[in-house]
Structures are given as structure tokens and as C-alpha cells.
file work06.tsv (TSV, C-alpha atoms)
chain	number	residue	atom	x	y	z
A	95	MET	CA	80.59	49.68	143.88
A	96	SER	CA	79.13	51.36	146.88
A	97	ALA	CA	75.92	52.20	145.01
A	98	ALA	CA	74.89	48.54	144.80
A	99	PRO	CA	71.43	47.88	146.26
A	100	ASP	CA	71.81	46.16	149.59
A	101	GLY	CA	68.18	45.18	150.03
A	102	ALA	CA	69.14	41.53	150.50
A	103	SER	CA	70.83	42.33	153.79
A	104	GLY	CA	67.54	43.61	155.21
A	105	GLY	CA	68.14	47.39	155.09
A	106	ALA	CA	66.42	49.88	152.83
A	107	THR	CA	67.65	49.92	149.23
A	108	VAL	CA	70.15	52.74	148.63
A	109	PHE	CA	70.51	54.05	145.10
A	110	TYR	CA	73.01	56.81	145.76
A	111	VAL	CA	76.60	56.97	146.96
A	112	ALA	CA	76.09	56.97	150.70
A	113	ASN	CA	79.67	57.48	151.78
A	114	GLU	CA	82.15	59.40	149.65
A	115	ALA	CA	85.11	58.11	151.67
A	116	ASP	CA	84.93	54.61	150.22
A	117	HIS	CA	83.88	55.74	146.79
A	118	HIS	CA	86.47	54.37	144.40
A	119	PRO	CA	87.62	56.91	141.81
A	120	GLU	CA	86.21	55.51	138.62
A	121	ASN	CA	87.63	55.94	135.18
A	122	GLY	CA	84.40	57.61	134.10
A	123	THR	CA	85.43	60.90	135.66
A	124	MET	CA	88.66	61.19	133.71
A	125	ILE	CA	87.20	60.32	130.30
A	126	GLY	CA	84.28	62.67	130.98
A	127	PHE	CA	86.57	65.50	131.94
A	128	TRP	CA	88.70	64.83	128.89
A	129	ILE	CA	85.62	65.14	126.66
A	130	TYR	CA	84.81	68.46	128.37
A	131	LEU	CA	88.34	69.64	127.55
A	132	MET	CA	87.88	68.62	123.92
A	133	SER	CA	84.65	70.64	123.74
A	134	ASP	CA	86.49	73.58	125.30
A	135	CYS	CA	89.11	73.10	122.60
A	136	LEU	CA	86.36	73.60	119.99
A	137	ILE	CA	85.39	76.94	121.61
A	138	PHE	CA	88.99	78.07	121.27
A	139	ALA	CA	89.15	76.76	117.69
A	140	CYS	CA	86.17	78.99	116.81
A	141	LEU	CA	87.83	82.01	118.45
A	142	PHE	CA	91.09	81.26	116.62
A	143	ALA	CA	89.13	81.05	113.35
A	144	VAL	CA	87.50	84.42	114.10
A	145	TYR	CA	90.92	85.92	114.78
A	146	GLY	CA	92.28	84.33	111.60
A	147	VAL	CA	89.50	85.92	109.55
A	148	LEU	CA	89.45	89.37	111.24
A	149	GLY	CA	93.12	89.62	112.26
A	150	HIS	CA	93.98	91.94	109.36
A	151	SER	CA	90.94	94.21	109.60
A	152	TYR	CA	92.60	97.17	111.29
A	153	ALA	CA	89.96	99.78	110.28
A	154	GLY	CA	92.80	102.31	109.91
A	155	GLY	CA	93.86	101.60	113.51
A	156	PRO	CA	97.05	100.16	114.98
A	157	SER	CA	98.44	96.83	113.73
A	158	PRO	CA	100.02	94.02	115.81
A	159	ALA	CA	103.53	95.13	114.84
A	160	THR	CA	103.05	98.49	116.57
A	161	LEU	CA	101.06	97.16	119.55
A	162	PHE	CA	102.62	93.93	120.75
A	163	ASP	CA	105.60	93.87	123.09
A	164	LEU	CA	107.19	90.48	122.34
A	165	PRO	CA	109.72	90.35	125.24
A	166	MET	CA	106.75	90.93	127.59
A	167	VAL	CA	104.85	88.06	125.93
A	168	ALA	CA	107.94	85.86	126.34
A	169	VAL	CA	108.01	86.57	130.09
A	170	ASN	CA	104.28	85.87	130.27
A	171	THR	CA	104.73	82.57	128.41
A	172	SER	CA	107.49	81.48	130.79
A	173	MET	CA	105.18	82.15	133.77
A	174	LEU	CA	102.58	79.75	132.37
A	175	LEU	CA	105.20	77.17	131.42
A	176	LEU	CA	106.72	77.29	134.93
A	177	SER	CA	103.27	76.91	136.48
A	178	SER	CA	102.75	73.82	134.34
A	179	ILE	CA	105.86	72.06	135.66
A	180	THR	CA	105.20	73.08	139.28
A	181	TYR	CA	101.73	71.55	138.95
A	182	GLY	CA	103.48	68.41	137.70
A	183	PHE	CA	105.61	68.42	140.87
A	184	ALA	CA	102.43	68.78	142.95
A	185	MET	CA	101.06	65.66	141.25
A	186	LEU	CA	104.31	63.78	141.99
A	187	ALA	CA	104.11	64.81	145.66
A	188	MET	CA	100.48	63.66	145.68
A	189	ALA	CA	101.46	60.26	144.23
A	190	GLN	CA	103.95	59.85	147.06
A	191	GLY	CA	101.28	60.77	149.61
A	192	ARG	CA	103.09	63.93	150.76
A	193	LYS	CA	100.32	66.36	151.73
A	194	GLY	CA	102.63	69.26	152.65
A	195	GLY	CA	104.62	68.99	149.43
A	196	THR	CA	101.43	68.87	147.36
A	197	LEU	CA	100.08	71.99	149.02
A	198	ALA	CA	103.39	73.85	148.66
A	199	TRP	CA	103.71	73.09	144.93
A	200	LEU	CA	100.03	73.99	144.39
A	201	ALA	CA	100.67	77.34	146.08
A	202	VAL	CA	103.69	77.99	143.80
A	203	THR	CA	101.54	77.05	140.79
A	204	GLY	CA	98.87	79.51	141.89
A	205	LEU	CA	101.44	82.30	142.25
A	206	PHE	CA	102.80	81.71	138.74
A	207	GLY	CA	99.21	81.72	137.47
A	208	LEU	CA	98.57	85.03	139.23
A	209	ALA	CA	101.76	86.48	137.76
A	210	PHE	CA	100.59	85.43	134.29
A	211	LEU	CA	97.21	87.09	134.85
A	212	GLY	CA	98.89	90.23	136.21
A	213	PHE	CA	101.08	90.61	133.11
A	214	GLU	CA	98.12	89.97	130.82
A	215	LEU	CA	95.86	92.48	132.58
A	216	SER	CA	98.59	95.15	132.57
A	217	GLU	CA	98.97	94.57	128.81
A	218	PHE	CA	95.21	94.97	128.34
A	219	VAL	CA	95.16	98.16	130.43
A	220	GLU	CA	98.08	99.57	128.43
A	221	LEU	CA	96.36	98.79	125.11
A	222	ILE	CA	93.10	100.40	126.22
A	223	HIS	CA	94.99	103.50	127.41
A	224	GLU	CA	96.65	103.77	123.98
A	225	GLY	CA	93.17	103.86	122.45
A	226	ALA	CA	93.51	100.29	121.19
A	227	GLY	CA	90.58	98.85	123.11
A	228	PRO	CA	88.32	96.07	121.86
A	229	GLN	CA	85.99	98.56	120.13
A	230	ARG	CA	88.76	100.10	117.98
A	231	SER	CA	88.80	97.54	115.12
A	232	ALA	CA	87.70	94.04	114.22
A	233	PHE	CA	91.29	92.89	114.76
A	234	LEU	CA	91.29	94.21	118.34
A	235	SER	CA	87.79	92.84	119.06
A	236	SER	CA	88.86	89.33	118.06
A	237	PHE	CA	92.19	89.72	119.88
A	238	PHE	CA	90.55	90.71	123.17
A	239	THR	CA	87.94	87.96	122.84
A	240	LEU	CA	90.48	85.19	122.21
A	241	VAL	CA	93.12	86.24	124.75
A	242	GLY	CA	90.46	87.33	127.25
A	243	THR	CA	88.71	83.95	127.08
A	244	HIS	CA	92.00	82.23	127.80
A	245	GLY	CA	92.64	84.62	130.70
A	246	LEU	CA	89.15	83.89	132.05
A	247	HIS	CA	89.94	80.16	131.99
A	248	VAL	CA	93.17	80.78	133.92
A	249	SER	CA	91.25	82.86	136.50
A	250	VAL	CA	88.72	80.07	137.00
A	251	GLY	CA	91.63	77.60	137.24
A	252	ILE	CA	93.17	79.66	140.07
A	253	ILE	CA	89.86	79.79	141.97
A	254	TRP	CA	89.56	76.02	141.51
A	255	LEU	CA	93.16	75.57	142.70
A	256	VAL	CA	92.54	77.55	145.91
A	257	THR	CA	89.33	75.57	146.52
A	258	LEU	CA	91.19	72.28	146.15
A	259	MET	CA	93.99	73.48	148.44
A	260	ALA	CA	91.37	74.16	151.12
A	261	GLN	CA	89.83	70.72	150.56
A	262	VAL	CA	93.21	68.97	150.77
A	263	MET	CA	94.01	70.92	153.96
A	264	ARG	CA	90.72	69.81	155.53
A	265	GLY	CA	90.42	66.24	154.26
A	266	GLY	CA	93.94	65.23	153.25
A	267	LEU	CA	94.82	63.34	150.08
A	268	THR	CA	91.69	61.19	149.96
A	269	PRO	CA	90.89	59.33	146.71
A	270	ALA	CA	88.16	61.91	146.01
A	271	ASN	CA	90.60	64.79	146.43
A	272	GLN	CA	93.19	63.01	144.29
A	273	ARG	CA	90.61	62.64	141.53
A	274	ARG	CA	89.79	66.37	141.75
A	275	LEU	CA	93.48	67.28	141.62
A	276	MET	CA	93.92	65.11	138.52
A	277	CYS	CA	91.03	66.90	136.78
A	278	LEU	CA	92.57	70.28	137.56
A	279	SER	CA	95.92	68.95	136.34
A	280	LEU	CA	94.39	68.16	132.95
A	281	PHE	CA	92.68	71.57	132.88
A	282	TRP	CA	95.87	73.45	133.77
A	283	HIS	CA	98.08	71.67	131.23
A	284	PHE	CA	95.33	72.09	128.62
A	285	LEU	CA	95.38	75.88	129.15
A	286	ASP	CA	99.12	75.84	128.57
A	287	VAL	CA	98.55	74.00	125.26
A	288	ILE	CA	96.01	76.67	124.21
A	289	TRP	CA	98.53	79.37	125.12
A	290	ILE	CA	101.05	77.80	122.70
A	291	GLY	CA	98.51	78.52	119.95
A	292	VAL	CA	97.95	82.07	121.23
A	293	PHE	CA	101.58	83.15	121.42
A	294	SER	CA	102.46	81.50	118.09
A	295	PHE	CA	99.42	82.42	116.01
A	296	VAL	CA	98.40	85.76	117.54
A	297	TYR	CA	101.63	87.34	118.77
A	298	LEU	CA	104.54	85.92	116.74
A	299	ILE	CA	102.76	85.57	113.39
A	300	GLY	CA	100.71	88.72	114.05
A	301	VAL	CA	103.87	90.81	114.33
A	302	LEU	CA	104.96	89.56	110.89
A	303	GLY	CA	101.96	91.45	109.45
B	110	MET	CA	104.11	55.01	121.23
B	111	ARG	CA	104.28	54.66	124.98
B	112	ALA	CA	105.01	57.77	127.04
B	113	LEU	CA	108.54	57.65	128.34
B	114	PRO	CA	107.81	58.60	131.97
B	115	ASP	CA	105.85	55.44	132.75
B	116	ALA	CA	108.92	53.25	133.16
B	117	HIS	CA	110.03	55.43	136.06
B	118	ALA	CA	106.63	56.05	137.63
B	119	ALA	CA	106.83	57.12	141.24
B	120	PRO	CA	105.74	54.56	143.85
B	121	HIS	CA	102.11	55.01	144.78
B	122	ALA	CA	102.50	55.01	148.52
B	123	GLY	CA	99.28	55.94	150.25
B	124	SER	CA	97.26	56.48	147.12
B	125	GLY	CA	94.58	54.12	148.39
B	126	GLY	CA	93.49	51.71	145.66
B	127	HIS	CA	94.03	54.24	142.96
B	128	GLU	CA	94.75	52.65	139.62
B	129	THR	CA	94.96	55.34	136.98
B	130	GLY	CA	98.36	56.71	138.06
B	131	GLY	CA	100.95	57.05	135.33
B	132	ASN	CA	98.53	55.63	132.84
B	133	GLY	CA	96.51	57.95	130.70
B	134	PRO	CA	95.47	61.59	131.00
B	135	GLY	CA	95.93	62.80	134.53
B	136	GLY	CA	98.45	60.10	135.40
B	137	HIS	CA	101.35	61.22	137.51
B	138	GLY	CA	104.35	60.66	135.24
B	139	SER	CA	107.76	61.06	136.82
B	140	ARG	CA	110.08	63.88	137.79
B	141	ARG	CA	112.38	62.94	134.92
B	142	GLY	CA	109.47	62.96	132.43
B	143	TYR	CA	108.30	66.39	133.60
B	144	LEU	CA	111.84	67.80	133.39
B	145	ILE	CA	112.38	66.42	129.87
B	146	GLY	CA	109.02	67.88	128.80
B	147	PHE	CA	109.87	71.21	130.41
B	148	GLY	CA	113.29	71.36	128.74
B	149	LEU	CA	111.83	70.60	125.32
B	150	SER	CA	109.06	73.18	125.85
B	151	VAL	CA	111.55	75.89	126.81
B	152	LEU	CA	113.56	75.12	123.68
B	153	LEU	CA	110.49	75.03	121.42
B	154	THR	CA	109.25	78.34	122.90
B	155	ALA	CA	112.57	80.19	122.94
B	156	VAL	CA	113.58	79.43	119.34
B	157	PRO	CA	110.50	80.94	117.62
B	158	PHE	CA	110.63	84.00	119.90
B	159	TRP	CA	114.30	84.45	119.05
B	160	LEU	CA	113.61	84.00	115.32
B	161	ILE	CA	110.86	86.64	115.27
B	162	ILE	CA	112.39	89.19	117.69
B	163	GLY	CA	115.77	88.96	115.93
B	164	HIS	CA	114.17	89.27	112.44
B	165	GLU	CA	116.00	86.14	111.27
B	166	PHE	CA	113.64	85.71	108.29
B	167	THR	CA	113.35	87.87	105.21
B	168	HIS	CA	110.23	86.11	103.94
B	169	ALA	CA	107.16	86.40	106.18
B	170	GLY	CA	105.53	83.23	104.84
B	171	THR	CA	108.53	81.06	105.74
B	172	ALA	CA	108.64	82.63	109.20
B	173	ALA	CA	104.93	81.90	109.78
B	174	LEU	CA	105.30	78.28	108.68
B	175	THR	CA	108.35	77.80	110.91
B	176	VAL	CA	106.54	79.27	113.95
B	177	MET	CA	103.53	77.00	113.32
B	178	ALA	CA	105.81	73.95	113.02
B	179	PHE	CA	107.44	74.77	116.37
B	180	ALA	CA	103.98	75.27	117.93
B	181	ALA	CA	102.76	71.90	116.63
B	182	ALA	CA	105.87	70.17	117.98
B	183	GLN	CA	105.39	71.80	121.39
B	184	VAL	CA	101.73	70.75	121.52
B	185	VAL	CA	102.83	67.14	120.95
B	186	VAL	CA	105.48	67.47	123.70
B	187	HIS	CA	102.85	68.77	126.15
B	188	MET	CA	100.44	65.99	125.19
B	189	ILE	CA	103.02	63.29	125.91
B	190	PHE	CA	104.93	64.65	128.91
B	191	PHE	CA	102.34	66.80	130.73
B	192	LEU	CA	98.94	65.36	129.75
B	193	HIS	CA	100.37	61.80	129.62
B	194	MET	CA	98.46	60.86	126.49
B	195	THR	CA	98.97	57.27	125.42
B	196	PRO	CA	97.05	55.24	122.82
B	197	LYS	CA	96.00	52.85	125.57
B	198	ALA	CA	94.66	55.42	128.05
B	199	GLU	CA	91.00	54.74	128.94
B	200	GLY	CA	90.93	51.93	126.39
B	201	GLY	CA	91.82	54.30	123.56
B	202	TRP	CA	88.78	56.56	124.04
B	203	THR	CA	90.75	59.66	124.96
B	204	LEU	CA	92.84	59.29	121.81
B	205	LEU	CA	89.69	58.77	119.75
B	206	ALA	CA	88.10	61.90	121.27
B	207	LEU	CA	91.31	63.80	120.54
B	208	ILE	CA	91.42	62.67	116.90
B	209	PHE	CA	87.76	63.64	116.45
B	210	THR	CA	88.46	67.07	117.96
B	211	VAL	CA	91.52	67.61	115.78
B	212	VAL	CA	89.43	66.83	112.67
B	213	ILE	CA	86.69	69.29	113.72
B	214	VAL	CA	89.26	71.96	114.64
B	215	GLY	CA	90.93	71.49	111.24
B	216	ILE	CA	87.61	71.84	109.40
B	217	THR	CA	86.64	74.91	111.46
B	218	LEU	CA	89.95	76.72	110.96
B	219	SER	CA	90.68	75.89	107.33
B	220	GLY	CA	87.01	76.21	106.30
B	221	SER	CA	86.59	79.65	107.93
B	222	LEU	CA	89.81	81.02	106.47
B	223	TRP	CA	89.11	79.58	103.01
B	224	VAL	CA	85.49	80.78	102.76
B	225	MET	CA	86.13	84.23	104.21
B	226	TYR	CA	89.22	84.78	102.04
B	227	HIS	CA	87.20	84.10	98.89
B	228	LEU	CA	84.32	86.20	100.17
B	229	ASN	CA	86.72	89.13	100.61
B	230	ALA	CA	88.37	88.55	97.23
B	231	ASN	CA	85.04	88.43	95.39
B	232	MET	CA	83.38	91.45	97.01
B	233	MET	CA	82.68	94.46	94.81
B	234	PRO	CA	85.24	97.17	95.43
B	235	MET	CA	83.83	100.01	97.48
B	236	SER	CA	84.84	103.64	97.24
B	237	VAL	CA	85.08	106.02	100.19
B	238	ARG	CA	81.98	107.84	98.88
B	239	ASP	CA	80.03	104.54	98.86
B	240	MET	CA	81.05	103.90	102.44
B	241	ARG	CA	79.84	107.33	103.56
B	242	ASN	CA	76.47	106.74	101.93
B	243	MET	CA	75.99	103.32	103.48
B	244	PRO	CA	72.59	102.79	105.11

call {"tool": "encode", "arguments": {"input": "work06.tsv", "output": "C-alpha cells"}}
result
Amino acid sequence: MSAAPDGASGGATVFYVANEADHHPENGTMIGFWIYLMSDCLIFACLFAVYGVLGHSYAGGPSPATLFDLPMVAVNTSMLLLSSITYGFAMLAMAQGRKGGTLAWLAVTGLFGLAFLGFELSEFVELIHEGAGPQRSAFLSSFFTLVGTHGLHVSVGIIWLVTLMAQVMRGGLTPANQRRLMCLSLFWHFLDVIWIGVFSFVYLIGVLG
Amino acid sequence: MRALPDAHAAPHAGSGGHETGGNGPGGHGSRRGYLIGFGLSVLLTAVPFWLIIGHEFTHAGTAALTVMAFAAAQVVVHMIFFLHMTPKAEGGWTLLALIFTVVIVGITLSGSLWVMYHLNANMMPMSVRDMRNMP
């Protein structure tokens, strides 16, 4: 470990990581990030529970069967699924040490993510124009909160992705950058897992009434 | 239950003393593993969409249970092929954290639905006139 005190060799004792370049990626980062993801999972569980409780409180307003456009949701779902596998390809390129390939697959992943966000925002705009905004009923409040929180996570993921692309361009596939890419990989696939819950529980079962 | 992709893990050329690859969350897996996971996911997504859009069920309860079963199966597929979960990853701590989370999520969801359902069922019925005169 680079943080070991080197007072014995005569120099001043150093208690921090002096040089990131030879800092070995430790397992601590991955388990820590995994525990963050699990706590994020609990946030989504609470929002799913809220939707489960309030999902039938229409307050005389529109119900899921009249609002949701399932073919559109299917297209949206495929965008996120495609972005998941392209991120996987980026990780494979990274494992083979191909910087260009990694960057290219990351860019494709970002575009699929943007397409997903675009579809979701256009759906939100359409709903609000129909008078089915978040303030219309408890059902719509919980719907916008749950789906909006997921969309917010995807937005942050895209910002993170662009940041990492810039870092890889500048510094190459250093161990530190590889560790960062692996964290984002977990985050990105985790968001896809949450979306499985959203399209099944909110859209498909919601339409059943 | 060892994740399938590991046997075909890509060579780690130029990964500089990096030991977590293909082993545990964030490992790299293999092209074949990702493609299998992707194929299964497409199948497990397309079937419930087809069932609901095509109105293949007459009973809503059966349809809901079927959709949830497909969702659970797809979550497992993602965990194995995309998140590379294995019982041995990080000495078993990721799996332990996952099990703990699943228990809490189960309590949160089932508890909320159960309590709030009974709260609704046991509320005094309210007339429209009562609602108008609410404080």
C-alpha cells in the first residue's frame, strides 16, 4: 500500500496517498459502491410502496389504462436494455486495453441513455398537456415521483459517463479510471434493474386496472 | 452457482495488476455472457408486453402475477449476466448485502400495502356532503 509510513527511510511520514498512479484499486471501493446501490434500492422500494398504496387513487381523474402508451414504453425499455449491453461491450474493450473501443462504446451507451430520457420527457410533457400532471391525483403524484426519480438517476449517470469519457481521453485506461468505469457499470446496470420493476409494476400492471 | 461468463473471461491485457476482473460485481464477463443475458432479457421483456398489449388474459390477477414472475426472472438474469453477482464475490459480502436489502424491500413493500389496504377497508364511509364540509 502506498499509504504506508516511510519514516524509516528518513523522509517525512506520509499518511495520504501521494501518487494516484501507483494506487492499486482496492476491493473496498467495489463493496462500498455496492452498499450505496443497495441503499439506493431502498429509496426505490419506498417509492414503489408509495405507488402501490396510491396507485388507485385517481381522484376522479384519468387512470393508467387511458394514459399509458404501451408501445412507446416498449421502445423506451429497449433503449435502456440496448444501453446496458453496449456498456458491457465498453467494459470488454476496457479489459482488453482498447482505449478507442472503450470510448466508442461509452459514447453509444450515452446516446441510448439520451434517447431513453428524450422519450420519457416527451411522455411527461404529453401527460402534463393532457391535464394529467403530478398535481392531478395521488396516483399521478406517485407516478411522477417514482418514474422521475429513475429519470434523474439516468441523467446523473449520463453526466458521470461524459465525465469519465473525458478522464479516459486525458489519462487513458489507468487502474484508477478502470475502477471508476466499473463503478459506473454497476450503477448503469442497476438502473436497468430498477426499470424492470417500473415497466412491470407501473405500466403493465397499471394498465390492467 | 457460478456465473457462466467467467469460464470465457477475456484476457486482461494491459489492465495493470487489476484483480477483480470477471469476479464479482463490476467484473468484465465475456461477450458471450453479455449476449446470452441480452437475449434472455429481450425475451423476458417482450413476452409480458405482448401478453398485456394483446389482452391475452381474461383475469387481471393472473396477468399481474405472470408479469411479476417475468420481472423477477429478468432481475435474476441481470444480476448474473450484467452485474456478475456470484456467491464468492468480495468474500460473500455483496451477496449478504443483497439478501439484507431484499428482506428490507420485502418488508417495506408488503408491510405498506398490507397496512394501508386495511386502513382503507376500515375507514368510515364518507358521503359527498361530508367531504364538502371537511375542515

call {"tool": "closest_residue", "arguments": {"input": "work06.tsv", "among": "A:Ile137, A:Val241, A:Ala201, A:Ala189", "to": "chain B", "atoms": "all atoms listed in the file"}}
result
A:Ala189

call {"tool": "residues_near_point", "arguments": {"input": "work06.tsv", "point": "(99.0, 71.9, 124.2)", "cutoff": "6 Å", "atoms": "all atoms listed in the file", "output": "compact mmCIF listing (two decimals) with C-alpha atoms, in the frame of the given file"}}
result
# COMPACT_ATOMS: atom_id res chain seq x y z
CA PHE A 284 95.33 72.09 128.62
CA ASP A 286 99.12 75.84 128.57
CA VAL A 287 98.55 74.00 125.26
CA ILE A 288 96.01 76.67 124.21
CA VAL B 184 101.73 70.75 121.52
CA HIS B 187 102.85 68.77 126.15

call {"tool": "residues_around", "arguments": {"input": "work06.tsv", "residues": "A:Leu215", "least_positions_apart": "5", "cutoff": "12 Å", "atoms": "only C-alpha atoms", "output": "list in words"}}
result
Asn170, Leu208, Ala209, Phe210, Glu220, Leu221, Ile222, Phe238, Val241, Gly242, His244, Gly245, Leu246 and Ser249 of chain A

call {"tool": "closest_residue", "arguments": {"input": "work06.tsv", "among": "B:Ala198, B:Leu207, B:Ile189, B:Val224", "to": "A:His283", "atoms": "all atoms listed in the file"}}
result
B:Ile189

call {"tool": "atom_distance", "arguments": {"input": "work06.tsv", "atom1": "atom CA of B:Ser150", "atom2": "atom CA of B:Ala173"}}
result
18.7 Å

call {"tool": "interface_residues", "arguments": {"input": "work06.tsv", "of": "chain A", "to": "chain B", "cutoff": "7 Å", "atoms": "all atoms listed in the file", "output": "number ranges by chain"}}
result
A: 125, 128-129, 132, 136, 139-140, 143, 146-147, 179, 182, 185-186, 189-191, 269, 276-277, 279-280, 283, 287, 290-291, 294, 298-299, 302

call {"tool": "write_last_selection", "arguments": {"input": "work06.tsv", "atoms": "C-alpha atoms", "output": "compact mmCIF listing (two decimals), keeping the file's coordinate frame"}}
result
# COMPACT_ATOMS: atom_id res chain seq x y z
CA ILE A 125 87.20 60.32 130.30
CA TRP A 128 88.70 64.83 128.89
CA ILE A 129 85.62 65.14 126.66
CA MET A 132 87.88 68.62 123.92
CA LEU A 136 86.36 73.60 119.99
CA ALA A 139 89.15 76.76 117.69
CA CYS A 140 86.17 78.99 116.81
CA ALA A 143 89.13 81.05 113.35
CA GLY A 146 92.28 84.33 111.60
CA VAL A 147 89.50 85.92 109.55
CA ILE A 179 105.86 72.06 135.66
CA GLY A 182 103.48 68.41 137.70
CA MET A 185 101.06 65.66 141.25
CA LEU A 186 104.31 63.78 141.99
CA ALA A 189 101.46 60.26 144.23
CA GLN A 190 103.95 59.85 147.06
CA GLY A 191 101.28 60.77 149.61
CA PRO A 269 90.89 59.33 146.71
CA MET A 276 93.92 65.11 138.52
CA CYS A 277 91.03 66.90 136.78
CA SER A 279 95.92 68.95 136.34
CA LEU A 280 94.39 68.16 132.95
CA HIS A 283 98.08 71.67 131.23
CA VAL A 287 98.55 74.00 125.26
CA ILE A 290 101.05 77.80 122.70
CA GLY A 291 98.51 78.52 119.95
CA SER A 294 102.46 81.50 118.09
CA LEU A 298 104.54 85.92 116.74
CA ILE A 299 102.76 85.57 113.39
CA LEU A 302 104.96 89.56 110.89

call {"tool": "atom_distance", "arguments": {"input": "work06.tsv", "atom1": "atom CA of A:Leu255", "atom2": "atom CA of A:Arg192"}}
result
17.3 Å

call {"tool": "atom_distance", "arguments": {"input": "work06.tsv", "atom1": "atom CA of A:Val167", "atom2": "atom CA of A:Ile253"}}
result
23.5 Å

call {"tool": "residues_around", "arguments": {"input": "work06.tsv", "residues": "A:Asn271", "least_positions_apart": "6", "cutoff": "8 Å", "atoms": "only C-alpha atoms", "output": "list in words"}}
result
Leu258, Gln261, Val262 and Gly265 of chain A

call {"tool": "residues_around", "arguments": {"input": "work06.tsv", "residues": "A:Tyr152", "least_positions_apart": "5", "cutoff": "10 Å", "atoms": "only C-alpha atoms", "output": "MDAnalysis selection string"}}
result
chainID A and resid 157:158 230:234

call {"tool": "closest_residue", "arguments": {"input": "work06.tsv", "among": "A:Phe281, A:Pro165, A:Phe293, A:Tyr145", "to": "A:Leu131", "atoms": "all atoms listed in the file"}}
result
A:Phe281

call {"tool": "closest_residue", "arguments": {"input": "work06.tsv", "among": "A:Val108, A:Leu275, A:Leu176, A:Cys135", "to": "A:Val202", "atoms": "all atoms listed in the file"}}
result
A:Leu176

call {"tool": "decode", "arguments": {"input": "work06.tsv", "residues": "stretch 143-158 of chain B", "atoms": "N, CA, C and O atoms", "output": "PDB file, in the first residue's frame"}}
result
ATOM      1  N   TYR B 143     -22.574 -11.552 -22.082  1.00  0.00           N
ATOM      2  CA  TYR B 143     -23.426 -10.381 -22.274  1.00  0.00           C
ATOM      3  C   TYR B 143     -24.516 -10.669 -23.300  1.00  0.00           C
ATOM      4  O   TYR B 143     -25.669 -10.264 -23.133  1.00  0.00           O
ATOM      5  N   LEU B 144     -24.138 -11.391 -24.383  1.00  0.00           N
ATOM      6  CA  LEU B 144     -25.131 -11.659 -25.434  1.00  0.00           C
ATOM      7  C   LEU B 144     -26.221 -12.600 -24.932  1.00  0.00           C
ATOM      8  O   LEU B 144     -27.407 -12.405 -25.230  1.00  0.00           O
ATOM      9  N   ILE B 145     -25.827 -13.629 -24.141  1.00  0.00           N
ATOM     10  CA  ILE B 145     -26.835 -14.531 -23.565  1.00  0.00           C
ATOM     11  C   ILE B 145     -27.775 -13.737 -22.664  1.00  0.00           C
ATOM     12  O   ILE B 145     -29.003 -13.843 -22.758  1.00  0.00           O
ATOM     13  N   GLY B 146     -27.192 -12.897 -21.789  1.00  0.00           N
ATOM     14  CA  GLY B 146     -28.003 -12.080 -20.889  1.00  0.00           C
ATOM     15  C   GLY B 146     -28.938 -11.168 -21.657  1.00  0.00           C
ATOM     16  O   GLY B 146     -30.116 -11.030 -21.316  1.00  0.00           O
ATOM     17  N   PHE B 147     -28.410 -10.565 -22.739  1.00  0.00           N
ATOM     18  CA  PHE B 147     -29.222  -9.655 -23.545  1.00  0.00           C
ATOM     19  C   PHE B 147     -30.383 -10.403 -24.201  1.00  0.00           C
ATOM     20  O   PHE B 147     -31.530  -9.948 -24.176  1.00  0.00           O
ATOM     21  N   GLY B 148     -30.079 -11.578 -24.780  1.00  0.00           N
ATOM     22  CA  GLY B 148     -31.124 -12.376 -25.425  1.00  0.00           C
ATOM     23  C   GLY B 148     -32.228 -12.750 -24.444  1.00  0.00           C
ATOM     24  O   GLY B 148     -33.422 -12.586 -24.745  1.00  0.00           O
ATOM     25  N   LEU B 149     -31.826 -13.222 -23.273  1.00  0.00           N
ATOM     26  CA  LEU B 149     -32.822 -13.598 -22.259  1.00  0.00           C
ATOM     27  C   LEU B 149     -33.650 -12.383 -21.834  1.00  0.00           C
ATOM     28  O   LEU B 149     -34.874 -12.469 -21.668  1.00  0.00           O
ATOM     29  N   SER B 150     -32.972 -11.224 -21.674  1.00  0.00           N
ATOM     30  CA  SER B 150     -33.690 -10.017 -21.255  1.00  0.00           C
ATOM     31  C   SER B 150     -34.725  -9.596 -22.289  1.00  0.00           C
ATOM     32  O   SER B 150     -35.848  -9.222 -21.941  1.00  0.00           O
ATOM     33  N   VAL B 151     -34.318  -9.649 -23.578  1.00  0.00           N
ATOM     34  CA  VAL B 151     -35.257  -9.273 -24.641  1.00  0.00           C
ATOM     35  C   VAL B 151     -36.479 -10.180 -24.581  1.00  0.00           C
ATOM     36  O   VAL B 151     -37.632  -9.723 -24.628  1.00  0.00           O
ATOM     37  N   LEU B 152     -36.239 -11.473 -24.416  1.00  0.00           N
ATOM     38  CA  LEU B 152     -37.344 -12.437 -24.348  1.00  0.00           C
ATOM     39  C   LEU B 152     -38.248 -12.128 -23.151  1.00  0.00           C
ATOM     40  O   LEU B 152     -39.477 -12.049 -23.273  1.00  0.00           O
ATOM     41  N   LEU B 153     -37.603 -11.927 -21.978  1.00  0.00           N
ATOM     42  CA  LEU B 153     -38.377 -11.726 -20.747  1.00  0.00           C
ATOM     43  C   LEU B 153     -39.068 -10.362 -20.717  1.00  0.00           C
ATOM     44  O   LEU B 153     -39.979 -10.139 -19.923  1.00  0.00           O
ATOM     45  N   THR B 154     -38.622  -9.418 -21.573  1.00  0.00           N
ATOM     46  CA  THR B 154     -39.319  -8.136 -21.680  1.00  0.00           C
ATOM     47  C   THR B 154     -40.446  -8.226 -22.698  1.00  0.00           C
ATOM     48  O   THR B 154     -41.556  -7.742 -22.460  1.00  0.00           O
ATOM     49  N   ALA B 155     -40.146  -8.867 -23.846  1.00  0.00           N
ATOM     50  CA  ALA B 155     -41.112  -8.876 -24.951  1.00  0.00           C
ATOM     51  C   ALA B 155     -42.367  -9.668 -24.597  1.00  0.00           C
ATOM     52  O   ALA B 155     -43.480  -9.246 -24.911  1.00  0.00           O
ATOM     53  N   VAL B 156     -42.199 -10.811 -23.909  1.00  0.00           N
ATOM     54  CA  VAL B 156     -43.361 -11.659 -23.634  1.00  0.00           C
ATOM     55  C   VAL B 156     -44.408 -10.942 -22.769  1.00  0.00           C
ATOM     56  O   VAL B 156     -45.580 -10.892 -23.166  1.00  0.00           O
ATOM     57  N   PRO B 157     -44.036 -10.338 -21.621  1.00  0.00           N
ATOM     58  CA  PRO B 157     -45.086  -9.650 -20.857  1.00  0.00           C
ATOM     59  C   PRO B 157     -45.725  -8.493 -21.616  1.00  0.00           C
ATOM     60  O   PRO B 157     -46.938  -8.300 -21.516  1.00  0.00           O
ATOM     61  N   PHE B 158     -44.927  -7.740 -22.400  1.00  0.00           N
ATOM     62  CA  PHE B 158     -45.523  -6.656 -23.195  1.00  0.00           C
ATOM     63  C   PHE B 158     -46.546  -7.220 -24.177  1.00  0.00           C
ATOM     64  O   PHE B 158     -47.653  -6.689 -24.329  1.00  0.00           O
TER      65      PHE B 158
END
